[in-house]
file structure-v9.tsv (TSV, C-alpha atoms and all ligand atoms)
chain	number	residue	atom	x	y	z
A	636	MET	CA	43.05	49.48	-58.64
A	637	ALA	CA	41.82	52.46	-56.66
A	638	LYS	CA	41.92	52.54	-52.87
A	639	ALA	CA	38.72	51.03	-51.52
A	640	PHE	CA	36.76	50.93	-48.28
A	641	SER	CA	33.91	48.62	-47.44
A	642	GLY	CA	32.13	47.31	-44.37
A	643	ILE	CA	30.14	44.32	-43.22
A	644	GLN	CA	27.96	44.02	-40.12
A	645	PRO	CA	28.65	41.31	-37.52
A	646	THR	CA	24.95	40.41	-37.41
A	647	GLY	CA	25.35	36.71	-38.19
A	648	GLU	CA	27.24	34.31	-40.39
A	649	ILE	CA	28.55	35.31	-43.80
A	650	HIS	CA	26.45	33.99	-46.68
A	651	LEU	CA	26.69	33.64	-50.42
A	652	GLY	CA	24.89	36.97	-50.98
A	653	ASN	CA	27.59	38.78	-49.01
A	654	TYR	CA	30.27	36.94	-50.96
A	655	ILE	CA	28.83	37.36	-54.46
A	656	GLY	CA	27.50	40.89	-53.97
A	657	ALA	CA	30.41	42.33	-52.01
A	658	LEU	CA	33.36	40.29	-50.66
A	659	ARG	CA	34.25	38.79	-54.05
A	660	ASN	CA	34.95	42.35	-55.24
A	661	TRP	CA	37.07	43.37	-52.26
A	662	LYS	CA	40.71	43.38	-53.35
A	663	PRO	CA	43.71	43.34	-51.02
A	664	GLU	CA	45.22	46.56	-52.38
A	665	SER	CA	47.57	48.58	-50.27
A	666	GLY	CA	45.68	51.56	-48.81
A	667	SER	CA	42.32	49.74	-48.87
A	668	TYR	CA	40.41	49.07	-45.65
A	669	TYR	CA	37.77	46.45	-44.88
A	670	CYS	CA	35.86	47.01	-41.70
A	671	VAL	CA	33.67	44.89	-39.43
A	672	VAL	CA	31.09	47.56	-38.63
A	673	ASP	CA	30.12	46.53	-35.11
A	674	LEU	CA	28.70	49.99	-34.27
A	675	HIS	CA	26.29	49.62	-37.19
A	676	SER	CA	24.96	46.36	-35.85
A	677	MET	CA	23.80	48.16	-32.68
A	678	THR	CA	21.00	49.88	-34.58
A	679	MET	CA	18.81	46.84	-33.87
A	680	PRO	CA	18.68	45.06	-30.47
A	681	TRP	CA	21.74	42.82	-29.89
A	682	ASP	CA	23.16	40.25	-27.53
A	683	PRO	CA	26.64	41.20	-26.19
A	684	ALA	CA	28.13	37.69	-26.26
A	685	GLU	CA	26.87	37.16	-29.79
A	686	MET	CA	28.23	40.54	-30.90
A	687	LEU	CA	31.75	39.59	-29.85
A	688	ARG	CA	31.54	36.10	-31.36
A	689	ASN	CA	30.16	37.42	-34.64
A	690	SER	CA	32.74	40.22	-34.82
A	691	ARG	CA	35.63	37.75	-34.56
A	692	SER	CA	34.00	35.31	-36.94
A	693	THR	CA	33.27	38.02	-39.53
A	694	ALA	CA	36.87	39.22	-39.24
A	695	ALA	CA	38.06	35.61	-39.71
A	696	HIS	CA	36.11	35.41	-42.99
A	697	LEU	CA	37.73	38.61	-44.29
A	698	LEU	CA	41.19	37.45	-43.27
A	699	ALA	CA	40.61	34.02	-44.83
A	700	LEU	CA	39.77	35.79	-48.10
A	701	GLY	CA	43.26	37.31	-47.97
A	702	LEU	CA	42.15	40.87	-47.14
A	703	GLY	CA	44.47	41.36	-44.14
A	704	GLU	CA	47.61	42.14	-46.19
A	705	PRO	CA	48.53	44.61	-47.58
A	706	SER	CA	45.01	46.02	-47.13
A	707	ARG	CA	43.68	46.15	-43.58
A	708	VAL	CA	40.88	44.49	-41.66
A	709	PHE	CA	39.71	46.15	-38.44
A	710	LEU	CA	36.79	46.62	-36.06
A	711	GLN	CA	34.92	49.91	-36.42
A	712	SER	CA	34.48	50.43	-32.65
A	713	GLN	CA	38.27	50.29	-32.14
A	714	VAL	CA	38.87	53.44	-34.20
A	715	PRO	CA	37.05	56.23	-32.32
A	716	GLU	CA	37.28	58.68	-35.23
A	717	HIS	CA	34.33	56.90	-36.88
A	718	ALA	CA	31.91	57.84	-34.11
A	719	GLU	CA	33.33	61.34	-33.84
A	720	LEU	CA	33.09	62.18	-37.56
A	721	SER	CA	29.65	60.62	-37.55
A	722	TRP	CA	28.46	63.32	-35.10
A	723	ILE	CA	29.88	66.09	-37.29
A	724	LEU	CA	28.07	64.63	-40.31
A	725	THR	CA	24.90	64.29	-38.23
A	726	CYS	CA	24.95	68.07	-38.01
A	727	LEU	CA	25.37	68.35	-41.80
A	728	GLY	CA	22.78	65.73	-42.83
A	729	ARG	CA	19.14	66.67	-43.27
A	730	MET	CA	16.04	65.01	-41.83
A	731	GLY	CA	14.48	64.89	-45.31
A	732	GLU	CA	17.31	63.04	-47.01
A	733	LEU	CA	17.62	60.50	-44.19
A	734	SER	CA	13.87	59.91	-44.18
A	735	ARG	CA	14.13	58.88	-47.82
A	736	MET	CA	16.57	55.99	-47.16
A	737	THR	CA	14.77	52.82	-48.21
A	738	GLN	CA	16.52	50.69	-45.57
A	739	TYR	CA	15.14	52.95	-42.83
A	740	LYS	CA	11.74	53.04	-44.50
A	741	SER	CA	11.51	49.26	-44.62
A	742	LYS	CA	12.82	48.58	-41.10
A	743	GLY	CA	11.63	51.51	-39.04
A	744	ARG	CA	9.61	54.35	-40.45
A	745	GLY	CA	6.45	55.11	-38.56
A	746	ARG	CA	7.49	52.97	-35.59
A	747	GLN	CA	8.11	54.66	-32.25
A	748	ASP	CA	10.12	51.78	-30.79
A	749	VAL	CA	13.10	51.73	-33.18
A	750	SER	CA	16.39	53.33	-32.17
A	751	VAL	CA	17.52	56.79	-33.26
A	752	GLY	CA	20.62	54.91	-34.49
A	753	LEU	CA	18.57	53.16	-37.17
A	754	PHE	CA	17.63	56.57	-38.60
A	755	ALA	CA	21.14	58.06	-38.25
A	756	TYR	CA	22.94	54.92	-39.54
A	757	PRO	CA	23.84	56.27	-43.04
A	758	LEU	CA	25.74	59.16	-41.42
A	759	LEU	CA	27.99	56.69	-39.60
A	760	MET	CA	28.46	54.83	-42.88
A	761	ALA	CA	29.43	58.10	-44.60
A	762	ALA	CA	31.95	58.76	-41.81
A	763	ASP	CA	33.46	55.27	-42.32
A	764	ILE	CA	34.07	55.95	-45.98
A	765	LEU	CA	35.14	59.61	-45.86
A	766	LEU	CA	37.79	59.08	-43.16
A	767	TYR	CA	40.00	57.15	-45.57
A	768	GLY	CA	39.89	59.33	-48.69
A	769	VAL	CA	38.94	56.35	-50.87
A	770	HIS	CA	37.61	56.51	-54.43
A	771	GLU	CA	35.71	53.22	-54.47
A	772	VAL	CA	33.21	51.46	-52.27
A	773	PRO	CA	32.49	47.87	-53.42
A	774	VAL	CA	29.01	46.89	-52.17
A	775	GLY	CA	25.80	45.08	-53.07
A	776	GLU	CA	22.87	46.88	-54.71
A	777	ASP	CA	21.10	47.58	-51.38
A	778	GLN	CA	23.86	50.03	-50.33
A	779	LYS	CA	23.78	52.23	-53.44
A	780	GLN	CA	21.47	54.83	-51.93
A	781	HIS	CA	23.67	55.15	-48.82
A	782	ILE	CA	26.71	55.82	-50.99
A	783	GLU	CA	24.82	58.46	-52.95
A	784	LEU	CA	24.06	60.16	-49.63
A	785	THR	CA	27.77	59.92	-48.72
A	786	ARG	CA	28.63	61.68	-51.99
A	787	ASP	CA	26.08	64.43	-51.31
A	788	LEU	CA	27.47	64.97	-47.81
A	789	ALA	CA	31.08	65.09	-49.08
A	790	LEU	CA	30.15	67.64	-51.77
A	791	ARG	CA	28.14	69.73	-49.28
A	792	PHE	CA	31.00	69.71	-46.78
A	793	ASN	CA	33.62	70.59	-49.41
A	794	SER	CA	31.59	73.47	-50.80
A	795	ARG	CA	30.94	74.96	-47.34
A	796	TYR	CA	34.28	74.37	-45.63
A	797	GLY	CA	36.89	73.61	-48.31
A	798	PRO	CA	38.07	70.53	-50.22
A	799	VAL	CA	38.69	68.04	-47.42
A	800	PHE	CA	36.83	64.92	-48.60
A	801	THR	CA	37.34	62.66	-51.61
A	802	VAL	CA	33.96	62.04	-53.27
A	803	PRO	CA	33.62	58.22	-53.51
A	804	GLU	CA	31.91	56.05	-56.14
A	805	PRO	CA	29.96	52.85	-55.48
A	806	ARG	CA	31.32	49.72	-57.20
A	807	ILE	CA	28.42	47.33	-57.81
A	808	SER	CA	28.70	44.29	-60.09
A	809	GLU	CA	26.16	43.90	-62.86
A	810	VAL	CA	25.32	40.29	-62.04
A	811	GLY	CA	24.86	39.09	-58.45
A	812	ALA	CA	24.41	42.52	-56.84
A	813	ARG	CA	21.23	41.29	-55.14
A	814	VAL	CA	21.22	37.58	-54.36
A	815	LEU	CA	17.76	36.45	-53.23
A	816	SER	CA	16.61	34.25	-50.38
A	817	LEU	CA	16.38	30.57	-51.35
A	818	ARG	CA	13.07	30.31	-49.47
A	819	ASN	CA	11.47	33.52	-50.66
A	820	PRO	CA	12.87	34.92	-53.89
A	821	GLN	CA	11.01	38.21	-53.33
A	822	GLU	CA	13.45	39.05	-50.51
A	823	LYS	CA	17.22	39.38	-50.50
A	824	MET	CA	19.39	36.72	-48.86
A	825	SER	CA	20.17	38.19	-45.46
A	826	LYS	CA	22.29	37.39	-42.38
A	827	SER	CA	19.47	38.34	-40.07
A	828	ASP	CA	16.92	36.01	-41.73
A	829	PRO	CA	16.19	33.41	-39.01
A	830	ASP	CA	15.48	30.63	-41.56
A	831	PRO	CA	18.78	28.74	-42.10
A	832	ASN	CA	17.47	27.31	-45.39
A	833	SER	CA	17.10	30.80	-46.86
A	834	LYS	CA	20.88	31.20	-47.25
A	835	ILE	CA	24.08	29.32	-47.96
A	836	LEU	CA	26.85	30.05	-45.47
A	837	LEU	CA	30.51	30.06	-46.43
A	838	THR	CA	30.97	27.49	-43.64
A	839	ASP	CA	28.25	25.10	-44.88
A	840	GLY	CA	29.39	21.56	-45.73
A	841	ASP	CA	28.93	20.07	-49.22
A	842	ASP	CA	25.82	18.06	-48.28
A	843	VAL	CA	24.13	20.98	-46.59
A	844	ILE	CA	24.75	23.17	-49.66
A	845	ARG	CA	23.34	20.54	-52.00
A	846	LYS	CA	20.23	20.09	-49.87
A	847	LYS	CA	19.58	23.84	-49.63
A	848	ILE	CA	19.86	24.26	-53.39
A	849	MET	CA	17.79	21.19	-54.30
A	850	THR	CA	14.99	22.42	-52.01
A	851	ALA	CA	15.24	26.11	-53.03
A	852	VAL	CA	11.87	27.59	-53.93
A	853	THR	CA	11.56	27.85	-57.71
A	854	ASP	CA	8.90	29.06	-60.07
A	855	SER	CA	6.06	27.42	-61.94
A	856	GLY	CA	6.86	25.89	-65.34
A	857	ARG	CA	9.74	23.63	-66.35
A	858	GLU	CA	11.94	25.72	-68.62
A	859	VAL	CA	15.18	27.27	-67.40
A	860	TYR	CA	15.59	30.86	-68.59
A	861	TYR	CA	16.55	34.23	-67.14
A	862	ASP	CA	13.59	36.46	-66.31
A	863	PRO	CA	13.80	38.04	-62.83
A	864	ASP	CA	10.12	39.12	-62.90
A	865	GLU	CA	8.53	35.94	-64.15
A	866	LYS	CA	11.11	33.45	-62.79
A	867	PRO	CA	12.78	35.05	-59.75
A	868	GLY	CA	13.81	31.72	-58.18
A	869	ILE	CA	15.41	30.25	-61.31
A	870	SER	CA	16.97	33.61	-62.26
A	871	ASN	CA	18.52	33.84	-58.79
A	872	LEU	CA	20.11	30.39	-59.15
A	873	LEU	CA	21.33	31.36	-62.63
A	874	GLU	CA	23.01	34.48	-61.26
A	875	ILE	CA	24.61	32.56	-58.38
A	876	ALA	CA	25.99	29.80	-60.60
A	877	ALA	CA	27.07	32.13	-63.42
A	878	THR	CA	29.07	34.43	-61.14
A	879	LEU	CA	30.71	31.58	-59.23
A	880	GLY	CA	31.37	29.54	-62.39
A	881	GLY	CA	32.67	32.53	-64.38
A	882	GLU	CA	30.12	32.02	-67.16
A	883	ALA	CA	27.60	34.38	-68.78
A	884	VAL	CA	24.04	33.93	-67.44
A	885	GLU	CA	22.67	33.47	-71.00
A	886	ASP	CA	25.16	30.67	-71.83
A	887	LEU	CA	24.36	28.78	-68.65
A	888	ALA	CA	20.62	29.22	-69.20
A	889	ALA	CA	20.91	28.03	-72.80
A	890	ARG	CA	22.65	24.81	-71.71
A	891	TYR	CA	19.88	23.91	-69.25
A	892	ARG	CA	16.85	25.39	-71.00
A	893	ASP	CA	15.11	22.06	-71.69
A	894	LYS	CA	16.78	19.85	-69.11
A	895	GLY	CA	14.28	20.41	-66.29
A	896	TYR	CA	14.66	22.04	-62.88
A	897	GLY	CA	16.14	18.95	-61.16
A	898	ALA	CA	19.14	18.64	-63.49
A	899	PHE	CA	19.67	22.40	-63.41
A	900	LYS	CA	19.64	22.57	-59.62
A	901	GLY	CA	22.09	19.64	-59.46
A	902	ALA	CA	24.49	21.57	-61.71
A	903	VAL	CA	24.09	24.73	-59.61
A	904	ALA	CA	24.86	22.72	-56.47
A	905	ASP	CA	28.08	21.34	-58.06
A	906	ILE	CA	29.25	24.83	-58.98
A	907	VAL	CA	28.46	26.32	-55.55
A	908	ILE	CA	30.09	23.40	-53.71
A	909	GLY	CA	33.23	23.73	-55.85
A	910	ALA	CA	33.45	27.48	-55.15
A	911	VAL	CA	32.64	27.38	-51.43
A	912	ARG	CA	34.82	24.40	-50.41
A	913	PRO	CA	38.25	26.16	-50.57
A	914	LEU	CA	36.81	29.25	-48.85
A	915	ARG	CA	35.28	27.12	-46.09
A	916	GLU	CA	38.56	25.33	-45.47
A	917	ARG	CA	40.45	28.60	-45.00
A	918	VAL	CA	37.71	30.14	-42.82
A	919	LEU	CA	37.53	27.10	-40.50
A	920	GLU	CA	41.32	27.06	-40.17
A	921	LEU	CA	41.37	30.69	-39.09
A	922	LEU	CA	38.38	30.35	-36.77
A	923	ALA	CA	40.42	27.75	-34.88
A	924	SER	CA	43.13	30.32	-34.25
A	925	PRO	CA	41.65	33.29	-32.34
A	926	THR	CA	45.07	34.74	-31.46
A	927	GLU	CA	45.87	35.10	-35.15
A	928	ILE	CA	42.54	36.92	-35.68
A	929	ASP	CA	43.13	39.29	-32.76
A	930	GLU	CA	46.69	40.06	-33.86
A	931	ALA	CA	45.56	40.87	-37.40
A	932	LEU	CA	42.78	43.10	-36.00
A	933	GLU	CA	45.30	44.95	-33.86
A	934	ARG	CA	47.51	45.61	-36.90
A	935	GLY	CA	44.43	46.77	-38.80
A	936	ARG	CA	43.33	49.05	-35.96
A	937	SER	CA	46.71	50.68	-35.69
A	938	HIS	CA	46.93	51.44	-39.46
A	939	ALA	CA	43.34	52.65	-39.65
A	940	HIS	CA	43.78	54.93	-36.63
A	941	ALA	CA	47.00	56.37	-38.10
A	942	GLU	CA	45.08	57.38	-41.24
A	943	ALA	CA	41.76	58.39	-39.68
A	944	GLY	CA	43.33	60.64	-36.99
A	945	PRO	CA	44.92	63.20	-39.35
A	946	MET	CA	41.78	63.20	-41.55
A	947	LEU	CA	39.57	64.02	-38.58
A	948	ASP	CA	42.00	66.80	-37.59
A	949	SER	CA	41.68	68.30	-41.11
A	950	VAL	CA	37.89	68.18	-40.75
A	951	LYS	CA	38.05	69.88	-37.35
A	952	ARG	CA	40.35	72.64	-38.61
A	953	ALA	CA	38.08	73.26	-41.59
A	954	ILE	CA	34.96	73.67	-39.45
A	955	GLY	CA	36.52	75.82	-36.75
A	956	LEU	CA	37.24	73.37	-33.95
A	957	LEU	CA	40.52	73.71	-32.04
A	958	VAL	CA	42.83	70.76	-32.75
A	959	PRO	CA	44.99	70.02	-29.68
B	1001	LIG	P1	21.70	42.05	-42.34
B	1001	LIG	O1	20.70	40.99	-42.64
B	1001	LIG	O2	22.12	42.10	-40.90
B	1001	LIG	O3	21.32	43.40	-42.91
B	1001	LIG	P2	23.24	41.45	-44.63
B	1001	LIG	O4	23.26	40.01	-44.94
B	1001	LIG	O5	22.35	42.33	-45.41
B	1001	LIG	O6	23.02	41.62	-43.09
B	1001	LIG	P3	25.42	43.37	-44.53
B	1001	LIG	O7	26.45	43.28	-43.47
B	1001	LIG	O8	24.36	44.40	-44.35
B	1001	LIG	O9	24.74	41.95	-44.78
B	1001	LIG	O10	26.14	43.62	-45.92
B	1001	LIG	C1	27.49	43.37	-46.23
B	1001	LIG	C2	27.69	43.52	-47.73
B	1001	LIG	O11	27.03	42.45	-48.40
B	1001	LIG	C3	27.08	44.83	-48.30
B	1001	LIG	O12	27.94	45.33	-49.32
B	1001	LIG	C4	25.77	44.37	-48.89
B	1001	LIG	O13	25.34	45.19	-49.97
B	1001	LIG	C5	26.14	42.98	-49.38
B	1001	LIG	N1	24.96	42.10	-49.40
B	1001	LIG	C6	24.22	41.73	-48.33
B	1001	LIG	N2	23.23	40.90	-48.72
B	1001	LIG	C7	23.37	40.75	-50.06
B	1001	LIG	C8	22.65	40.01	-51.05
B	1001	LIG	N3	21.62	39.28	-50.71
B	1001	LIG	N4	23.06	40.10	-52.33
B	1001	LIG	C9	24.13	40.84	-52.69
B	1001	LIG	N5	24.84	41.57	-51.80
B	1001	LIG	C10	24.48	41.52	-50.50
B	1002	LIG	N1	25.65	49.73	-44.35
B	1002	LIG	C1	26.39	48.60	-44.83
B	1002	LIG	C2	27.59	48.29	-44.02
B	1002	LIG	C3	28.55	49.42	-44.01
B	1002	LIG	C4	29.37	49.86	-45.10
B	1002	LIG	C5	30.10	50.97	-44.58
B	1002	LIG	C6	29.53	49.45	-46.42
B	1002	LIG	C7	28.81	50.23	-42.96
B	1002	LIG	N2	29.75	51.15	-43.28
B	1002	LIG	C8	31.00	51.66	-45.38
B	1002	LIG	C9	30.44	50.16	-47.22
B	1002	LIG	C10	31.15	51.25	-46.70
B	1002	LIG	C11	25.46	47.39	-44.83
B	1002	LIG	O1	24.56	47.30	-44.10
B	1002	LIG	N3	25.76	46.45	-45.63
call {"tool": "encode", "arguments": {"input": "structure-v9.tsv", "output": "structure tokens"}}
result
Amino acid sequence: MAKAFSGIQPTGEIHLGNYIGALRNWKPESGSYYCVVDLHSMTMPWDPAEMLRNSRSTAAHLLALGLGEPSRVFLQSQVPEHAELSWILTCLGRMGELSRMTQYKSKGRGRQDVSVGLFAYPLLMAADILLYGVHEVPVGEDQKQHIELTRDLALRFNSRYGPVFTVPEPRISEVGARVLSLRNPQEKMSKSDPDPNSKILLTDGDDVIRKKIMTAVTDSGREVYYDPDEKPGISNLLEIAATLGGEAVEDLAARYRDKGYGAFKGAVADIVIGAVRPLRERVLELLASPTEIDEALERGRSHAHAEAGPMLDSVKRAIGLLVP
């Protein structure tokens, strides 16, 4: 396994989309880093008390998934090299390429009241990744474009100033890279969606999970088959259950083709409940132990800083800044 880096925003509670699209593919390899990107979540208005609560809770999820050892879990704002490299990359990035980022286009383009941070956000993300010299970035489909920008920036930097950065690759799974909202299967499942029924949280109890799946919006017709255009709701449930159950989407679909939506949804609920229960138990245990979370974050911070510091010094030397 190659060294990996990935990040998750503390903008709410972790849901099944985060798990299936990203966290499931994060491996606790030595040299890998998994970051709670609190500075990223300041691109939209935030509440300070909620920021701190969500940062600890997000970290607890990562630690419960076993990512604290020998890989490292840390908070982005505690390693100042991220913000510093981000400025250097801001001076390398171009207005045109940032204007083309679909996340910015959907959340902010044309609006005068969004923060400059929302526009500059992919440069901070590039800094996160490039500081650790990693080859792989495991993410969901929505982050692919940001990683392509990171690659372009690394190549541009290396050709102007010398070979300092490793050029990373996105790692995106074929199935489950874009889990959809259970209420509106045109949109992705998202932490910041205010409708609790749109997503399944890793802390949801068995009954809550069953209810959310049984009432998930599905498509017209009665047959169960995989067709994301014609049957986005059913196809979404097929992807969720297939990835969590370790089965091919086609095999699962074939078993339920003529059984009706009710029986199919019941089976999906069983699979999701079986997969989420052990995760929930570990997350709740860790959430009850804030000292353990803070100690793990301190270990993560110290390792990340020890690696990011020398990398930032190499960047500074290459571009003609005096390293103290
Ligand atoms: P927000 O709503 O605040 O943007 P989010 O739910 O999109 O939050 P992020 O913190 O932006 O979550 O993303 C963390 C990781 O989870 C990223 O790798 C992202 O690609 C992945 N991810 C987020 N939502 C989904 C989804 N619905 N399906 C698959 N992967 C997802
Ligand atoms: N932009 C990502 C979060 C993120 C990230 C990163 C992911 C910030 N820095 C570095 C991978 C690598 C998001 O919104 N999901």
call {"tool": "residues_near_ligand", "arguments": {"input": "structure-v9.tsv", "ligand": "ligand LIG 1002 (chain B)", "cutoff": "6 Å", "atoms": "all atoms listed in the file", "output": "ChimeraX atom specification"}}
result
/A:640-644,672,760,763-764,772
call {"tool": "closest_residue", "arguments": {"input": "structure-v9.tsv", "among": "A:Asn819, A:Ser825, A:Ser690, A:Ser808", "to": "ligand LIG 1001 (chain B)", "atoms": "only C-alpha atoms and all ligand atoms"}}
result
A:Ser825
call {"tool": "closest_residue", "arguments": {"input": "structure-v9.tsv", "among": "A:Asn653, A:Thr725, A:Ser855, A:Ser794", "to": "A:Val814", "atoms": "all atoms listed in the file"}}
result
A:Asn653
call {"tool": "residues_around", "arguments": {"input": "structure-v9.tsv", "residues": "A:Ile844", "least_positions_apart": "3", "cutoff": "10 Å", "atoms": "all atoms listed in the file", "output": "number ranges by chain"}}
result
A: 832, 834-841, 847-849, 904-905, 907-908, 911
call {"tool": "residues_near_ligand", "arguments": {"input": "structure-v9.tsv", "ligand": "ligand LIG 1001 (chain B)", "cutoff": "10 Å", "atoms": "all atoms listed in the file", "output": "MDAnalysis selection string"}}
result
chainID A and resid 641:661 671:673 675:676 679 693 738 772:779 805:808 810:816 822:829 834 875
call {"tool": "residues_around", "arguments": {"input": "structure-v9.tsv", "residues": "A:Glu704", "least_positions_apart": "3", "cutoff": "12 Å", "atoms": "only C-alpha atoms", "output": "PyMOL selection string"}}
result
chain A and resi 662-669+697-701+707-709+931-932+934-935+938
call {"tool": "atom_distance", "arguments": {"input": "structure-v9.tsv", "atom1": "atom CA of A:Val749", "atom2": "atom CA of A:Pro831"}}
result
25.3 Å
call {"tool": "closest_residue", "arguments": {"input": "structure-v9.tsv", "among": "A:Leu766, A:Ile906, A:Ala755, A:Ala637", "to": "A:Asp948", "atoms": "all atoms listed in the file"}}
result
A:Leu766
call {"tool": "residues_around", "arguments": {"input": "structure-v9.tsv", "residues": "A:Phe754", "least_positions_apart": "3", "cutoff": "10 Å", "atoms": "only C-alpha atoms", "output": "mmCIF file with C-alpha atoms, keeping the file's coordinate frame"}}
result
data_model
loop_
_atom_site.group_PDB
_atom_site.id
_atom_site.type_symbol
_atom_site.label_atom_id
_atom_site.label_comp_id
_atom_site.auth_asym_id
_atom_site.auth_seq_id
_atom_site.Cartn_x
_atom_site.Cartn_y
_atom_site.Cartn_z
ATOM 1 C CA THR A 678 21.000 49.880 -34.580
ATOM 2 C CA MET A 730 16.040 65.010 -41.830
ATOM 3 C CA LEU A 733 17.620 60.500 -44.190
ATOM 4 C CA SER A 734 13.870 59.910 -44.180
ATOM 5 C CA MET A 736 16.570 55.990 -47.160
ATOM 6 C CA GLN A 738 16.520 50.690 -45.570
ATOM 7 C CA TYR A 739 15.140 52.950 -42.830
ATOM 8 C CA LYS A 740 11.740 53.040 -44.500
ATOM 9 C CA LYS A 742 12.820 48.580 -41.100
ATOM 10 C CA GLY A 743 11.630 51.510 -39.040
ATOM 11 C CA ARG A 744 9.610 54.350 -40.450
ATOM 12 C CA VAL A 749 13.100 51.730 -33.180
ATOM 13 C CA SER A 750 16.390 53.330 -32.170
ATOM 14 C CA VAL A 751 17.520 56.790 -33.260
ATOM 15 C CA PRO A 757 23.840 56.270 -43.040
ATOM 16 C CA LEU A 758 25.740 59.160 -41.420
#
call {"tool": "atom_distance", "arguments": {"input": "structure-v9.tsv", "atom1": "atom CA of A:Val859", "atom2": "atom CA of A:Ala888"}}
result
6.1 Å
call {"tool": "atom_distance", "arguments": {"input": "structure-v9.tsv", "atom1": "atom CA of A:Ala694", "atom2": "atom CA of A:Leu710"}}
result
8.1 Å
call {"tool": "residues_around", "arguments": {"input": "structure-v9.tsv", "residues": "A:Val958", "least_positions_apart": "6", "cutoff": "9 Å", "atoms": "only C-alpha atoms", "output": "PyMOL selection string"}}
result
chain A and resi 948-949+951-952
call {"tool": "residues_around", "arguments": {"input": "structure-v9.tsv", "residues": "A:Trp722", "least_positions_apart": "4", "cutoff": "10 Å", "atoms": "only C-alpha atoms", "output": "PDB file with C-alpha atoms, in the frame of the given file"}}
result
ATOM      1  CA  GLU A 716      37.280  58.680 -35.230  1.00  0.00           C
ATOM      2  CA  HIS A 717      34.330  56.900 -36.880  1.00  0.00           C
ATOM      3  CA  ALA A 718      31.910  57.840 -34.110  1.00  0.00           C
ATOM      4  CA  CYS A 726      24.950  68.070 -38.010  1.00  0.00           C
ATOM      5  CA  LEU A 727      25.370  68.350 -41.800  1.00  0.00           C
ATOM      6  CA  GLY A 728      22.780  65.730 -42.830  1.00  0.00           C
ATOM      7  CA  ALA A 755      21.140  58.060 -38.250  1.00  0.00           C
ATOM      8  CA  LEU A 758      25.740  59.160 -41.420  1.00  0.00           C
ATOM      9  CA  LEU A 759      27.990  56.690 -39.600  1.00  0.00           C
ATOM     10  CA  ALA A 762      31.950  58.760 -41.810  1.00  0.00           C
TER      11      ALA A 762
END
call {"tool": "closest_residue", "arguments": {"input": "structure-v9.tsv", "among": "A:Pro913, A:Val950, A:His940, A:Pro925", "to": "A:Pro715", "atoms": "only C-alpha atoms"}}
result
A:His940
call {"tool": "build_atoms", "arguments": {"input": "structure-v9.tsv", "residues": "stretch 643-655 of chain A", "atoms": "N, CA and C atoms", "output": "PDB file, in the coordinates of the input"}}
result
ATOM      1  N   ILE A 643      31.127  45.395 -43.359  1.00  0.00           N
ATOM      2  CA  ILE A 643      30.140  44.320 -43.220  1.00  0.00           C
ATOM      3  C   ILE A 643      29.748  44.241 -41.748  1.00  0.00           C
ATOM      4  N   GLN A 644      28.450  44.041 -41.495  1.00  0.00           N
ATOM      5  CA  GLN A 644      27.960  44.020 -40.120  1.00  0.00           C
ATOM      6  C   GLN A 644      28.149  42.639 -39.484  1.00  0.00           C
ATOM      7  N   PRO A 645      28.537  42.611 -38.207  1.00  0.00           N
ATOM      8  CA  PRO A 645      28.650  41.310 -37.520  1.00  0.00           C
ATOM      9  C   PRO A 645      27.297  40.873 -36.958  1.00  0.00           C
ATOM     10  N   THR A 646      26.307  40.747 -37.865  1.00  0.00           N
ATOM     11  CA  THR A 646      24.950  40.410 -37.410  1.00  0.00           C
ATOM     12  C   THR A 646      24.630  38.931 -37.602  1.00  0.00           C
ATOM     13  N   GLY A 647      25.618  38.132 -37.991  1.00  0.00           N
ATOM     14  CA  GLY A 647      25.350  36.710 -38.190  1.00  0.00           C
ATOM     15  C   GLY A 647      26.446  36.126 -39.051  1.00  0.00           C
ATOM     16  N   GLU A 648      26.177  34.959 -39.605  1.00  0.00           N
ATOM     17  CA  GLU A 648      27.240  34.310 -40.390  1.00  0.00           C
ATOM     18  C   GLU A 648      27.219  34.779 -41.837  1.00  0.00           C
ATOM     19  N   ILE A 649      28.405  34.798 -42.428  1.00  0.00           N
ATOM     20  CA  ILE A 649      28.550  35.310 -43.800  1.00  0.00           C
ATOM     21  C   ILE A 649      27.930  34.323 -44.792  1.00  0.00           C
ATOM     22  N   HIS A 650      27.139  34.856 -45.724  1.00  0.00           N
ATOM     23  CA  HIS A 650      26.450  33.990 -46.680  1.00  0.00           C
ATOM     24  C   HIS A 650      26.875  34.313 -48.119  1.00  0.00           C
ATOM     25  N   LEU A 651      26.324  33.518 -49.017  1.00  0.00           N
ATOM     26  CA  LEU A 651      26.690  33.640 -50.420  1.00  0.00           C
ATOM     27  C   LEU A 651      26.320  35.000 -51.014  1.00  0.00           C
ATOM     28  N   GLY A 652      25.259  35.622 -50.507  1.00  0.00           N
ATOM     29  CA  GLY A 652      24.890  36.970 -50.980  1.00  0.00           C
ATOM     30  C   GLY A 652      25.986  37.966 -50.630  1.00  0.00           C
ATOM     31  N   ASN A 653      26.490  37.890 -49.408  1.00  0.00           N
ATOM     32  CA  ASN A 653      27.590  38.780 -49.010  1.00  0.00           C
ATOM     33  C   ASN A 653      28.806  38.545 -49.916  1.00  0.00           C
ATOM     34  N   TYR A 654      29.074  37.262 -50.175  1.00  0.00           N
ATOM     35  CA  TYR A 654      30.270  36.940 -50.960  1.00  0.00           C
ATOM     36  C   TYR A 654      30.113  37.400 -52.410  1.00  0.00           C
ATOM     37  N   ILE A 655      28.985  37.039 -53.031  1.00  0.00           N
ATOM     38  CA  ILE A 655      28.830  37.360 -54.460  1.00  0.00           C
ATOM     39  C   ILE A 655      28.619  38.865 -54.662  1.00  0.00           C
TER      40      ILE A 655
END
